$ cat protein_18.txt   # compact mmCIF, C-alpha atoms
# COMPACT_ATOMS: atom_id res chain seq x y z
CA ILE C 17 -16.17 -29.52 -7.60
CA THR C 18 -16.56 -26.55 -9.95
CA GLN C 19 -18.83 -28.52 -12.29
CA TRP C 20 -20.93 -29.69 -9.33
CA ALA C 21 -21.26 -26.12 -8.08
CA ILE C 22 -22.42 -24.93 -11.50
CA ARG C 23 -24.99 -27.75 -11.80
CA HIS C 24 -26.42 -26.89 -8.40
CA GLY C 25 -26.32 -23.11 -8.74
CA VAL C 26 -23.68 -22.59 -6.06
CA SER C 27 -22.16 -19.12 -6.39
CA HIS C 28 -18.43 -18.63 -6.86
CA GLN C 29 -18.31 -16.79 -3.52
CA ALA C 30 -19.96 -19.74 -1.72
CA LEU C 31 -17.62 -22.19 -3.43
CA ALA C 32 -14.59 -20.08 -2.49
CA GLU C 33 -15.79 -19.96 1.13
CA LEU C 34 -16.21 -23.74 1.18
CA GLN C 35 -12.78 -24.29 -0.34
CA ALA C 36 -11.24 -21.95 2.23
CA LEU C 37 -12.37 -24.36 4.92
CA PHE C 38 -10.27 -27.12 3.34
CA VAL C 39 -7.40 -25.24 1.70
CA ALA C 40 -4.43 -23.36 3.09
CA PRO C 41 -5.32 -19.69 3.64
CA VAL C 42 -4.05 -16.96 1.36
CA THR C 43 -0.49 -16.25 2.38
CA PHE C 44 0.10 -12.77 1.00
CA PRO C 45 -1.53 -9.61 2.33
CA THR C 46 -3.41 -8.40 -0.74
CA SER C 47 -5.67 -5.80 0.83
CA ARG C 48 -3.02 -3.10 0.28
CA LEU C 49 -2.96 -3.59 -3.50
CA THR C 50 -3.80 -0.24 -5.02
CA GLY C 51 -3.27 -0.73 -8.76
CA LYS C 52 -6.13 -0.46 -11.21
CA ASN C 53 -4.81 -2.62 -14.04
CA GLU C 54 -3.65 -6.22 -14.05
CA ALA C 55 0.02 -5.35 -14.61
CA THR C 56 0.07 -3.22 -11.46
CA VAL C 57 -1.65 -6.00 -9.48
CA VAL C 58 0.97 -8.49 -10.74
CA ASN C 59 3.82 -6.21 -9.66
CA ASN C 60 2.29 -5.56 -6.24
CA VAL C 61 1.59 -9.24 -5.59
CA ARG C 62 5.19 -10.13 -6.50
CA MET C 63 6.57 -7.45 -4.16
CA GLU C 64 4.34 -8.53 -1.27
CA ALA C 65 5.19 -12.18 -1.85
CA SER C 66 8.88 -11.36 -1.65
CA GLN C 67 8.34 -9.53 1.64
CA VAL C 68 6.99 -12.74 3.21
CA GLY C 69 9.77 -14.93 1.82
CA ALA C 70 7.97 -16.30 -1.23
CA ARG C 71 9.19 -16.10 -4.82
CA LEU C 72 6.81 -15.69 -7.76
CA TRP C 73 7.67 -15.77 -11.45
CA ARG C 74 5.62 -14.66 -14.45
CA ASN C 75 4.14 -17.63 -16.30
CA ASN C 76 3.58 -16.43 -19.86
CA VAL C 77 1.49 -18.87 -21.88
CA GLY C 78 1.16 -18.93 -25.64
CA ALA C 79 2.43 -20.32 -28.92
CA CYS C 80 4.55 -19.07 -31.81
CA MET C 81 6.31 -20.36 -34.88
CA ASP C 82 10.07 -20.90 -34.71
CA LYS C 83 12.62 -20.32 -37.50
CA ARG C 84 11.90 -23.78 -38.92
CA ASP C 85 8.17 -23.04 -39.07
CA ARG C 86 7.38 -25.34 -36.13
CA LEU C 87 4.75 -24.41 -33.56
CA ILE C 88 6.35 -23.87 -30.15
CA ARG C 89 4.02 -23.88 -27.12
CA TYR C 90 5.21 -22.35 -23.84
CA GLY C 91 3.86 -21.93 -20.32
CA LEU C 92 2.39 -24.43 -17.89
CA CYS C 93 -0.65 -26.50 -18.95
CA ASN C 94 -0.12 -25.58 -22.59
CA GLU C 95 1.04 -28.83 -24.14
CA SER C 96 -1.87 -28.68 -26.60
CA LYS C 97 -4.68 -26.32 -27.54
CA GLN C 98 -7.16 -28.76 -26.03
CA MET C 99 -5.30 -28.75 -22.71
CA ASN C 100 -5.06 -24.97 -22.68
CA ASP C 101 -8.77 -24.64 -23.45
CA SER C 102 -9.57 -26.90 -20.48
CA ILE C 103 -7.12 -25.67 -17.84
CA LYS C 104 -5.23 -22.38 -17.75
CA SER C 105 -2.23 -21.94 -15.51
CA SER C 106 -1.94 -18.82 -13.39
CA ASP C 107 -0.15 -15.56 -14.16
CA LEU C 108 2.28 -16.05 -11.30
CA ILE C 109 3.83 -19.35 -10.24
CA GLY C 110 6.19 -19.79 -7.35
CA ILE C 111 7.13 -21.23 -4.03
CA ARG C 112 6.98 -20.17 -0.40
CA PRO C 113 8.74 -21.61 2.62
CA VAL C 114 6.60 -23.51 5.09
CA LEU C 115 7.89 -24.54 8.50
CA ILE C 116 6.62 -28.02 9.24
CA THR C 117 5.11 -28.61 12.67
CA PRO C 118 7.04 -30.45 15.42
CA GLU C 119 5.79 -33.89 14.41
CA HIS C 120 7.82 -33.43 11.22
CA ILE C 121 10.99 -32.53 13.15
CA GLY C 122 10.89 -28.82 12.24
CA SER C 123 11.79 -29.26 8.56
CA THR C 124 11.08 -26.46 6.13
CA ILE C 125 9.48 -27.40 2.81
CA GLY C 126 8.48 -25.39 -0.23
CA GLN C 127 4.79 -24.98 -1.00
CA PHE C 128 3.67 -24.44 -4.60
CA VAL C 129 2.01 -21.03 -5.07
CA ALA C 130 -0.21 -19.84 -7.93
CA ARG C 131 -1.83 -16.42 -8.31
CA GLU C 132 -4.24 -15.51 -11.10
CA CYS C 133 -4.10 -11.70 -11.16
CA LYS C 134 -7.03 -9.57 -12.27
CA ALA C 135 -7.65 -5.84 -12.66
CA GLY C 136 -9.12 -3.98 -9.71
CA ASP C 137 -12.64 -3.79 -11.09
CA TRP C 138 -12.79 -7.51 -11.96
CA SER C 139 -15.51 -9.76 -10.65
CA TYR C 140 -15.90 -13.47 -11.32
CA LYS C 141 -18.32 -14.21 -14.19
CA GLY C 142 -17.74 -17.93 -14.71
CA ASP C 143 -17.09 -17.77 -18.45
CA ASP C 144 -15.06 -20.55 -20.14
CA HIS C 145 -11.77 -18.68 -19.66
CA GLU C 146 -12.33 -18.09 -15.94
CA LEU C 147 -13.54 -21.67 -15.43
CA ALA C 148 -10.32 -22.97 -17.02
CA GLN C 149 -8.30 -20.67 -14.70
CA LEU C 150 -10.33 -21.84 -11.71
CA ARG C 151 -9.65 -25.50 -12.62
CA PHE C 152 -5.91 -24.85 -12.33
CA LEU C 153 -6.33 -23.08 -8.98
CA GLU C 154 -8.47 -25.95 -7.68
CA LEU C 155 -5.90 -28.52 -8.83
CA ILE C 156 -3.10 -26.73 -6.99
CA ALA C 157 -5.21 -26.24 -3.85
CA ALA C 158 -6.40 -29.86 -3.86
CA MET C 159 -2.78 -31.02 -3.79
CA GLY C 160 -1.81 -28.79 -0.87
CA GLY C 161 -0.69 -25.72 -2.78
CA ASP C 162 -1.67 -22.12 -2.15
CA ALA C 163 -3.69 -20.78 -5.09
CA CYS C 164 -6.25 -18.03 -5.67
CA PHE C 165 -7.51 -15.20 -7.85
CA VAL C 166 -6.18 -11.78 -6.79
CA ASN C 167 -7.29 -8.27 -7.71
CA CYS C 168 -6.47 -4.94 -6.13
CA GLU C 169 -9.39 -5.23 -3.75
CA GLY C 170 -7.96 -8.44 -2.30
CA SER C 171 -8.01 -12.16 -2.98
CA LEU C 172 -11.03 -14.36 -3.29
$ encode --input "protein_18.txt" --output "structure tokens"
Amino acid sequence: ITQWAIRHGVSHQALAELQALFVAPVTFPTSRLTGKNEATVVNNVRMEASQVGARLWRNNVGACMDKRDRLIRYGLCNESKQMNDSIKSSDLIGIRPVLITPEHIGSTIGQFVARECKAGDWSYKGDDHELAQLRFLELIAAMGGDACFVNCEGSL
């Protein structure tokens, strides 16, 4: 859908609005985030998530050489450089409890959660890096997860 939107000149804001019609709403209150840098946004999002019963963990992504001089890749969607160039997993990965409606006999399930945190003055530009991050968010949302960009002015 992202590639289609780019081809047809659909803005990120319009695409986000369209996706919101089909995707679970943002579950954490992000309007109170007051930090100016990404690290502060990450900390605030994690605290707010915890207050609503969700758990989020930092998803560091990268590569390094081990003691035997072998390349070790870590983080989600980082099995190869090509994969990481195409799709970039979010800063925070986690789970939140969801109470299933009566037709599912009141079971509680866990919903996958992904948050890509940005500094307070960030705005979407659509560069290759952001597009790869957006692809991950769209994948999670398309499969029923709760995923979005977040900055200290709120989520998109």
$ atom_distance --input "protein_18.txt" --atom1 "CA of Leu153 (chain C)" --atom2 "CA of Tyr140 (chain C)"
13.8 Å
$ atom_distance --input "protein_18.txt" --atom1 "CA of Val114 (chain C)" --atom2 "CA of Glu132 (chain C)"
21.1 Å
$ closest_residue --input "protein_18.txt" --among "C:Asp144, C:Ser123, C:Pro113, C:Met159" --to "Val68 (chain C)" --atoms "only C-alpha atoms"
C:Pro113
$ atom_distance --input "protein_18.txt" --atom1 "CA of Arg71 (chain C)" --atom2 "CA of Leu92 (chain C)"
16.9 Å
$ closest_residue --input "protein_18.txt" --among "C:Ala65, C:Ile116, C:Leu108, C:Ala30" --to "Phe165 (chain C)" --atoms "all atoms listed in the file"
C:Leu108
$ closest_residue --input "protein_18.txt" --among "C:Glu95, C:Asp162, C:Asp143, C:Asp101" --to "Gln127 (chain C)" --atoms "all atoms listed in the file"
C:Asp162
$ residues_near_point --input "protein_18.txt" --point "(-11.1, -1.3, -12.6)" --cutoff "7 Å" --atoms "all atoms listed in the file" --output "PyMOL selection string"
chain C and resi 52-53+135-138
$ residues_near_point --input "protein_18.txt" --point "(-1.8, -26.2, -22.3)" --cutoff "12 Å" --atoms "all atoms listed in the file" --output "number ranges by chain"
C: 76-79, 88-106, 148-149, 152
$ closest_residue --input "protein_18.txt" --among "C:Asp107, C:Cys80, C:Phe128, C:Gly142" --to "Val57 (chain C)" --atoms "only C-alpha atoms"
C:Asp107
$ closest_residue --input "protein_18.txt" --among "C:Ala130, C:Val61, C:Ile111, C:Val166" --to "Glu154 (chain C)" --atoms "all atoms listed in the file"
C:Ala130
